[in-house]
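Asker: Quick one, work21.cif (mmCIF, C-alpha atoms):
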```cif
data_run
#
loop_
_atom_site.label_atom_id
_atom_site.label_comp_id
_atom_site.auth_asym_id
_atom_site.auth_seq_id
_atom_site.Cartn_x
_atom_site.Cartn_y
_atom_site.Cartn_z
CA MET A 4 27.69 -3.55 -4.68
CA ARG A 5 28.01 0.13 -3.81
CA ARG A 6 25.65 1.30 -1.10
CA SER A 7 23.26 4.18 -1.49
CA THR A 8 23.83 7.54 0.18
CA PRO A 9 25.14 6.92 3.74
CA ILE A 10 23.11 8.04 6.74
CA PRO A 11 24.80 10.45 9.17
CA ASP A 12 25.38 9.02 12.65
CA THR A 13 23.15 11.56 14.35
CA ASP A 14 19.46 12.03 15.17
CA LEU A 15 18.71 15.50 13.84
CA ASN A 16 15.20 16.87 14.01
CA VAL A 17 15.05 16.98 10.22
CA PRO A 18 14.09 14.32 7.69
CA LEU A 19 16.96 12.13 6.57
CA TRP A 20 16.73 9.84 3.60
CA ILE A 21 18.52 7.40 1.31
CA GLU A 22 18.98 8.26 -2.35
CA PRO A 23 19.42 5.70 -5.15
CA ASN A 24 22.87 5.15 -6.58
CA TRP A 25 21.68 4.89 -10.18
CA PRO A 26 22.48 6.68 -13.47
CA ALA A 27 19.25 8.66 -13.62
CA PRO A 28 19.28 12.18 -15.08
CA PRO A 29 20.06 14.83 -12.45
CA TRP A 30 16.53 16.25 -12.52
CA ILE A 31 15.11 12.94 -11.31
CA ARG A 32 14.84 13.16 -7.53
CA ALA A 33 14.19 9.98 -5.60
CA GLY A 34 14.76 8.21 -2.32
CA THR A 35 13.37 6.65 0.84
CA THR A 36 13.03 8.36 4.20
CA THR A 37 14.37 6.82 7.38
CA ARG A 38 12.72 7.07 10.80
CA LEU A 39 15.31 9.68 11.86
CA GLY A 40 14.00 13.20 12.42
CA GLY A 41 10.34 14.06 12.82
CA THR A 42 8.15 14.62 15.86
CA SER A 43 6.29 11.34 16.45
CA THR A 44 6.67 9.60 19.80
CA PRO A 45 6.94 5.86 20.56
CA PRO A 46 5.95 3.50 19.09
CA TYR A 47 6.07 5.76 16.02
CA ALA A 48 9.22 7.72 16.86
CA GLY A 49 10.22 9.84 14.89
CA LEU A 50 9.50 10.60 11.14
CA ASN A 51 6.32 8.59 10.72
CA LEU A 52 4.63 9.67 7.48
CA ALA A 53 1.54 7.42 7.63
CA ASP A 54 -1.83 8.69 8.84
CA HIS A 55 -3.45 5.23 9.10
CA VAL A 56 -1.34 3.51 11.78
CA GLY A 57 -2.66 5.18 14.95
CA ASP A 58 -0.17 8.02 15.29
CA ARG A 59 -1.46 11.47 16.28
CA GLU A 60 -2.71 13.34 13.20
CA GLU A 61 -0.92 16.48 14.35
CA TYR A 62 2.44 14.72 14.39
CA VAL A 63 1.90 13.22 10.94
CA ARG A 64 0.99 16.63 9.52
CA ILE A 65 4.15 18.15 11.02
CA ASN A 66 6.29 15.30 9.71
CA ARG A 67 4.85 15.62 6.21
CA ARG A 68 5.36 19.36 6.23
CA GLN A 69 8.99 18.89 7.33
CA LEU A 70 9.51 16.44 4.49
CA LEU A 71 7.98 18.80 1.93
CA GLU A 72 10.11 21.71 3.09
CA HIS A 73 13.36 19.78 3.58
CA LEU A 74 13.25 18.23 0.10
CA ALA A 75 11.73 21.34 -1.57
CA LEU A 76 9.02 19.18 -3.07
CA PRO A 77 6.99 20.79 -5.87
CA ALA A 78 3.75 19.56 -4.28
CA GLU A 79 2.34 17.35 -1.55
CA PRO A 80 3.14 13.73 -2.45
CA VAL A 81 0.33 11.59 -3.83
CA TRP A 82 -0.45 9.60 -0.68
CA LEU A 83 -2.18 6.38 -1.71
CA ARG A 84 -4.52 4.12 0.21
CA GLN A 85 -2.51 0.97 -0.37
CA VAL A 86 -4.41 -2.31 -0.52
CA HIS A 87 -1.73 -4.85 -1.60
CA GLY A 88 -3.10 -4.98 -5.14
CA ASN A 89 -1.76 -4.21 -8.60
CA LEU A 90 -3.44 -0.92 -9.57
CA VAL A 91 -1.08 1.86 -10.68
CA ILE A 92 -2.65 5.26 -11.28
CA ASP A 93 -1.60 8.38 -13.18
CA PRO A 94 -2.70 11.13 -10.77
CA ILE A 95 -3.70 13.70 -13.38
CA ALA A 96 -6.22 15.36 -11.09
CA PRO A 97 -5.81 15.75 -7.31
CA VAL A 98 -7.51 12.89 -5.46
CA HIS A 99 -7.45 12.46 -1.70
CA HIS A 100 -5.87 9.10 -0.87
CA PRO A 101 -6.74 7.20 -4.06
CA GLU A 102 -6.94 3.43 -3.58
CA ALA A 103 -3.94 2.02 -5.46
CA ASP A 104 -0.50 0.50 -4.89
CA GLY A 105 1.44 2.64 -7.29
CA SER A 106 1.48 5.94 -9.13
CA CYS A 107 3.18 6.94 -12.38
CA SER A 108 3.57 10.38 -13.90
CA SER A 109 5.34 12.60 -16.42
CA ASN A 110 4.16 15.75 -14.66
CA PRO A 111 6.83 17.73 -12.76
CA ALA A 112 4.09 18.91 -10.39
CA VAL A 113 3.42 15.34 -9.20
CA VAL A 114 5.41 13.54 -6.49
CA CYS A 115 4.81 9.79 -6.65
CA ALA A 116 5.01 8.09 -3.24
CA VAL A 117 4.46 4.81 -1.40
CA LEU A 118 4.57 4.03 2.33
CA THR A 119 6.31 0.92 3.66
CA ALA A 120 7.61 -0.75 6.82
CA ASP A 121 8.93 -4.10 5.47
CA CYS A 122 7.26 -4.28 2.05
CA LEU A 123 9.48 -3.39 -0.90
CA PRO A 124 9.28 0.13 -2.34
CA LEU A 125 10.21 0.06 -6.02
CA LEU A 126 11.05 3.31 -7.85
CA LEU A 127 11.21 3.52 -11.65
CA CYS A 128 12.29 6.12 -14.17
CA ASP A 129 13.24 6.12 -17.84
CA ARG A 130 16.76 6.96 -18.95
CA GLN A 131 15.59 10.21 -20.54
CA GLY A 132 14.05 11.35 -17.26
CA THR A 133 10.58 11.94 -18.68
CA ARG A 134 8.48 9.50 -16.62
CA VAL A 135 8.63 8.13 -13.07
CA ALA A 136 6.75 5.66 -10.88
CA ALA A 137 6.60 4.48 -7.26
CA LEU A 138 5.29 0.96 -6.50
CA HIS A 139 4.33 -0.75 -3.23
CA CYS A 140 5.57 -4.33 -3.58
CA GLY A 141 4.51 -6.60 -0.75
CA TRP A 142 4.25 -10.32 -1.40
CA ARG A 143 0.58 -10.04 -2.37
CA GLY A 144 1.28 -7.22 -4.79
CA LEU A 145 4.16 -9.09 -6.39
CA CYS A 146 1.94 -12.15 -6.88
CA GLN A 147 -0.84 -10.02 -8.35
CA GLY A 148 1.43 -8.31 -10.87
CA ILE A 149 2.20 -4.89 -9.39
CA ILE A 150 5.56 -4.81 -11.19
CA GLU A 151 4.00 -5.72 -14.53
CA SER A 152 1.32 -3.06 -13.99
CA GLY A 153 3.95 -0.47 -13.11
CA LEU A 154 5.97 -1.17 -16.24
CA ASP A 155 2.82 -0.99 -18.36
CA ALA A 156 2.05 2.41 -16.81
CA MET A 157 5.57 3.63 -17.57
CA GLY A 158 4.92 3.03 -21.28
CA ARG A 159 8.62 2.85 -22.13
CA PRO A 160 10.71 0.01 -23.62
CA PRO A 161 12.15 -2.17 -20.82
CA ALA A 162 15.71 -1.37 -21.95
CA GLU A 163 14.99 2.30 -21.17
CA ILE A 164 13.85 1.66 -17.58
CA LEU A 165 15.94 2.16 -14.43
CA ALA A 166 14.68 0.40 -11.29
CA TRP A 167 15.68 0.98 -7.66
CA LEU A 168 14.80 -1.43 -4.86
CA GLY A 169 14.31 0.62 -1.69
CA PRO A 170 14.67 -0.61 1.90
CA ALA A 171 12.64 -3.76 2.65
CA ILE A 172 12.77 -6.71 5.02
CA GLY A 173 15.75 -8.93 4.25
CA PRO A 174 15.59 -12.65 3.44
CA SER A 175 17.10 -13.78 6.74
CA ALA A 176 14.25 -12.10 8.67
CA TYR A 177 11.26 -12.81 6.43
CA GLU A 178 9.72 -16.19 7.25
CA ILE A 179 6.46 -17.13 5.53
CA GLY A 180 4.11 -20.12 5.27
CA GLU A 181 3.04 -22.50 2.54
CA GLU A 182 0.24 -20.23 1.27
CA VAL A 183 2.72 -17.52 0.30
CA HIS A 184 5.02 -20.07 -1.34
CA ALA A 185 2.07 -21.44 -3.33
CA ALA A 186 0.99 -17.95 -4.44
CA PHE A 187 4.46 -17.17 -5.81
CA MET A 188 4.65 -20.49 -7.64
CA ALA A 189 1.26 -19.82 -9.22
CA HIS A 190 2.45 -16.43 -10.46
CA GLU A 191 5.89 -17.36 -11.81
CA ALA A 192 7.63 -20.75 -11.59
CA ASP A 193 11.11 -19.19 -11.67
CA LEU A 194 10.39 -17.59 -8.28
CA VAL A 195 11.19 -20.95 -6.68
CA GLU A 196 14.74 -19.67 -6.21
CA VAL A 197 13.67 -16.83 -3.90
CA PHE A 198 12.79 -19.30 -1.12
CA THR A 199 15.03 -21.15 1.33
CA PRO A 200 13.61 -23.76 3.71
CA ALA A 201 13.06 -22.75 7.34
CA LYS A 202 11.13 -24.91 9.82
CA GLN A 203 8.58 -27.46 8.64
CA GLY A 204 6.03 -25.80 6.35
CA HIS A 205 7.82 -22.45 6.45
CA TRP A 206 10.19 -20.65 4.11
CA ARG A 207 12.40 -17.57 4.10
CA LEU A 208 11.48 -15.23 1.29
CA ASP A 209 13.87 -12.89 -0.54
CA LEU A 210 11.68 -9.99 -1.70
CA TYR A 211 14.62 -8.30 -3.39
CA ARG A 212 15.43 -11.36 -5.49
CA ALA A 213 11.75 -11.83 -6.34
CA ALA A 214 11.51 -8.27 -7.66
CA ARG A 215 14.70 -8.68 -9.67
CA ILE A 216 13.42 -11.86 -11.31
CA LEU A 217 10.09 -10.26 -12.19
CA LEU A 218 11.78 -7.14 -13.57
CA GLU A 219 14.22 -9.22 -15.61
CA LYS A 220 11.33 -11.33 -16.96
CA GLN A 221 9.88 -8.10 -18.33
CA GLY A 222 13.21 -7.13 -19.92
CA VAL A 223 14.46 -4.64 -17.34
CA ALA A 224 18.20 -5.06 -16.80
CA ALA A 225 19.21 -1.83 -15.01
CA ILE A 226 18.29 -2.74 -11.42
CA TYR A 227 19.86 -1.06 -8.39
CA GLY A 228 19.52 -1.06 -4.59
CA GLY A 229 18.37 -3.94 -2.42
CA GLU A 230 21.06 -3.76 0.27
CA HIS A 231 19.08 -2.90 3.41
CA CYS A 232 16.95 -4.84 5.89
CA THR A 233 14.18 -2.93 7.64
CA TYR A 234 13.83 -5.63 10.30
CA SER A 235 17.47 -5.72 11.43
CA GLU A 236 18.34 -2.02 10.97
CA ALA A 237 16.08 -0.82 13.78
CA ARG A 238 17.78 2.55 14.19
CA LEU A 239 17.04 3.56 10.61
CA PHE A 240 13.79 1.88 9.68
CA TYR A 241 10.31 1.01 10.85
CA SER A 242 9.44 -2.69 10.64
CA HIS A 243 5.91 -4.00 11.08
CA ARG A 244 7.18 -7.55 11.56
CA ARG A 245 9.63 -6.48 14.25
CA SER A 246 7.43 -4.03 16.14
CA GLY A 247 3.78 -4.61 15.20
CA THR A 248 2.42 -1.12 15.87
CA THR A 249 4.88 1.24 14.19
CA GLY A 250 5.32 4.03 11.66
CA ARG A 251 6.00 4.04 7.93
CA MET A 252 8.79 5.34 5.71
CA ALA A 253 8.00 7.07 2.42
CA SER A 254 9.65 6.37 -0.92
CA LEU A 255 9.32 9.31 -3.30
CA ILE A 256 10.20 10.08 -6.90
CA TRP A 257 9.53 13.18 -9.01
CA ILE A 258 10.80 15.21 -11.96
CA ALA A 259 12.50 18.35 -10.65
CA LYS A 260 12.36 20.65 -13.67
#
```
Write out the structure in this file as structure tokens.

Answerer:
Amino acid sequence: MRRSTPIPDTDLNVPLWIEPNWPAPPWIRAGTTTRLGGTSTPPYAGLNLADHVGDREEYVRINRRQLLEHLALPAEPVWLRQVHGNLVIDPIAPVHHPEADGSCSSNPAVVCAVLTADCLPLLLCDRQGTRVAALHCGWRGLCQGIIESGLDAMGRPPAEILAWLGPAIGPSAYEIGEEVHAAFMAHEADLVEVFTPAKQGHWRLDLYRAARILLEKQGVAAIYGGEHCTYSEARLFYSHRRSGTTGRMASLIWIAK
């Protein structure tokens, strides 16, 4: 598997991010930020883009402005109030922090975004480059159908969808209990293969594999990404499981034309 855009071995005071290695049209811009760059101080150092984790509001505003300027975004991203559900919105009118776990749009003036620090960010576009979506896929969201909701919002045949799995916690670092295992089995029996036994009553969960299975169940075959681990790659990524109090990366997608 080819890796996404490599990260320079330097800590510049500018946002750095990872772009998908997928056959999307050139006007589709997408990627996930790293923690490199920015102005936040420990435990949020440096490019924390979340305003709900205890970081100073001033630092978050500066970080978001740096991101907007560095990527030449057409507008401020649609920052969601994520609740680990399955609602995907089409942000036609500006709303301050709408409560949802995904956004989907055909409007070049809209930047779809989700914030993560172990959960899986999933970016979607159609092959024609006319519609995009960003989904926040934690285990609860996956079990509640966030992927199915996102594909419904895209409104395109599954064969026309490209999917990119952004940086998330890897299976070797993600240990969960019986309640999570039971929730996945209740949602989709084929998800049994995403678990490997750990200690008694605990399992290791492969979020990447779970997303792939759910996408494939819906008919999506063009699936990319899934090669990072936010927990083990501490230099590049925030990880809530590793650090507790920490920042968030942003995964963004928009139509640049």

Asker: Just want the 6 Å neighbourhood of region 31-33 of chain A, counted on all atoms listed in the file, with same-chain residues fewer than 5 positions away dropped. Output as a PyMOL selection string.

Answerer: chain A and resi 255-258

Asker: With all atoms listed in the file as the atoms that count, which of A:Pro29, A:Pro101, A:Pro161, A:Gly132 lies nearest to Lys220 (chain A)?

Answerer: A:Pro161

Asker: So which residues touch Pro28 (chain A) within 12 Å, counting all atoms listed in the file, skipping near sequence neighbours fewer than 6 positions away, as a ChimeraX atom specification?

Answerer: /A:128-135,165,257-260

Asker: For a quick check of understanding, using all atoms listed in the file, which of A:Tyr234, A:Tyr211, A:Trp142, A:Trp82 has the smallest distance to Val114 (chain A)?

Answerer: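 Going through A:Tyr234, A:Tyr211, A:Trp142, A:Trp82 one by one, the smallest distance to Val114 (chain A) is for A:Trp82.
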
Asker: Within 8 Å of (7.2, 5.0, 2.1) in the file's own coordinates, which protein, DNA or RNA residues have an atom, counting all atoms listed in the file? List them as a PyMOL selection string.

Answerer: chain A and resi 35-36+52+116-120+124+251-255

Asker: Residues at most 8 Å from Cys122 (chain A), counting all atoms listed in the file, excluding those fewer than 4 positions away in the same chain, as a CSV table (one decimal) with C-alpha atoms, in the frame of the given file?

Answerer:
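Output below, filename around19.csv:
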```
chain,number,residue,atom,x,y,z
A,139,HIS,CA,4.3,-0.8,-3.2
A,140,CYS,CA,5.6,-4.3,-3.6
A,141,GLY,CA,4.5,-6.6,-0.8
A,142,TRP,CA,4.2,-10.3,-1.4
A,171,ALA,CA,12.6,-3.8,2.6
A,172,ILE,CA,12.8,-6.7,5.0
```

Asker: Please, what distance in Å, to one decimal, runs between CA of Arg207 (chain A) and CA of Gly173 (chain A)?

Answerer: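 Separation between CA of Arg207 (chain A) and CA of Gly173 (chain A): 9.3 Å.
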
Asker: I'd like the residues picked by the PyMOL selection byres ((chain A and resi 178) around 7) written out as a list in words, using the chain letters and numbers from the file.

Answerer: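 Taken over the shown coordinates, the PyMOL selection byres ((chain A and resi 178) around 7) returns Ala176, Tyr177, Ile179, His205, Trp206, Arg207 and Leu208 of chain A.
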
Asker: Which residues fall under the PyMOL selection byres ((chain A and resi 219) around 12) in this file, as a PyMOL selection string?

Answerer: chain A and resi 150-151+154+161-162+164-166+193-194+212-218+220-226

Asker: Name every residue that the PyMOL selection byres ((chain A and resi 156) around 12) selects in this structure, writing the answer as an mmCIF file with C-alpha atoms, in the frame of the given file with chains first and numbers rising.

Answerer:
```cif
data_model
loop_
_atom_site.group_PDB
_atom_site.id
_atom_site.type_symbol
_atom_site.label_atom_id
_atom_site.label_comp_id
_atom_site.auth_asym_id
_atom_site.auth_seq_id
_atom_site.Cartn_x
_atom_site.Cartn_y
_atom_site.Cartn_z
ATOM 1 C CA ASN A 89 -1.760 -4.210 -8.600
ATOM 2 C CA LEU A 90 -3.440 -0.920 -9.570
ATOM 3 C CA VAL A 91 -1.080 1.860 -10.680
ATOM 4 C CA ILE A 92 -2.650 5.260 -11.280
ATOM 5 C CA ASP A 93 -1.600 8.380 -13.180
ATOM 6 C CA PRO A 94 -2.700 11.130 -10.770
ATOM 7 C CA GLY A 105 1.440 2.640 -7.290
ATOM 8 C CA SER A 106 1.480 5.940 -9.130
ATOM 9 C CA CYS A 107 3.180 6.940 -12.380
ATOM 10 C CA SER A 108 3.570 10.380 -13.900
ATOM 11 C CA SER A 109 5.340 12.600 -16.420
ATOM 12 C CA LEU A 127 11.210 3.520 -11.650
ATOM 13 C CA CYS A 128 12.290 6.120 -14.170
ATOM 14 C CA ASP A 129 13.240 6.120 -17.840
ATOM 15 C CA ARG A 134 8.480 9.500 -16.620
ATOM 16 C CA VAL A 135 8.630 8.130 -13.070
ATOM 17 C CA ALA A 136 6.750 5.660 -10.880
ATOM 18 C CA ALA A 137 6.600 4.480 -7.260
ATOM 19 C CA LEU A 138 5.290 0.960 -6.500
ATOM 20 C CA ILE A 149 2.200 -4.890 -9.390
ATOM 21 C CA ILE A 150 5.560 -4.810 -11.190
ATOM 22 C CA GLU A 151 4.000 -5.720 -14.530
ATOM 23 C CA SER A 152 1.320 -3.060 -13.990
ATOM 24 C CA GLY A 153 3.950 -0.470 -13.110
ATOM 25 C CA LEU A 154 5.970 -1.170 -16.240
ATOM 26 C CA ASP A 155 2.820 -0.990 -18.360
ATOM 27 C CA MET A 157 5.570 3.630 -17.570
ATOM 28 C CA GLY A 158 4.920 3.030 -21.280
ATOM 29 C CA ARG A 159 8.620 2.850 -22.130
ATOM 30 C CA PRO A 160 10.710 0.010 -23.620
ATOM 31 C CA PRO A 161 12.150 -2.170 -20.820
ATOM 32 C CA ILE A 164 13.850 1.660 -17.580
#
```

Asker: Return the single residue from A:Gly88, A:Gly247, A:Gly41, A:Pro77 that is closest to Arg64 (chain A), with distances computed using all atoms listed in the file.

Answerer: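 Among A:Gly88, A:Gly247, A:Gly41, A:Pro77, it is A:Gly41 that comes nearest to Arg64 (chain A).
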
Asker: Using all atoms listed in the file, pick whichever of A:Ser235, A:Ala103, A:Gly57, A:Pro46 has the shortest atom-to-atom distance to Gln85 (chain A).

Answerer: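 Nearest candidate to Gln85 (chain A) out of A:Ser235, A:Ala103, A:Gly57, A:Pro46: A:Ala103.
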
Asker: Skip Thr249 (chain A) itself and residues of its chain fewer than 5 positions away, then list as number ranges by chain all residues within 12 Å of it, counting all atoms listed in the file.

Answerer: A: 38, 43-58, 119-121, 234, 237, 240-244

Asker: Got a sec: who's within 7 Å of His87 (chain A), counting all atoms listed in the file, leaving out chain neighbours fewer than 4 positions off, as a list of chain:residue names?

Answerer: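 Neighbouring residues, sequence-local ones excluded: A:Asp104, A:Gly141, A:Arg143, A:Gly144.
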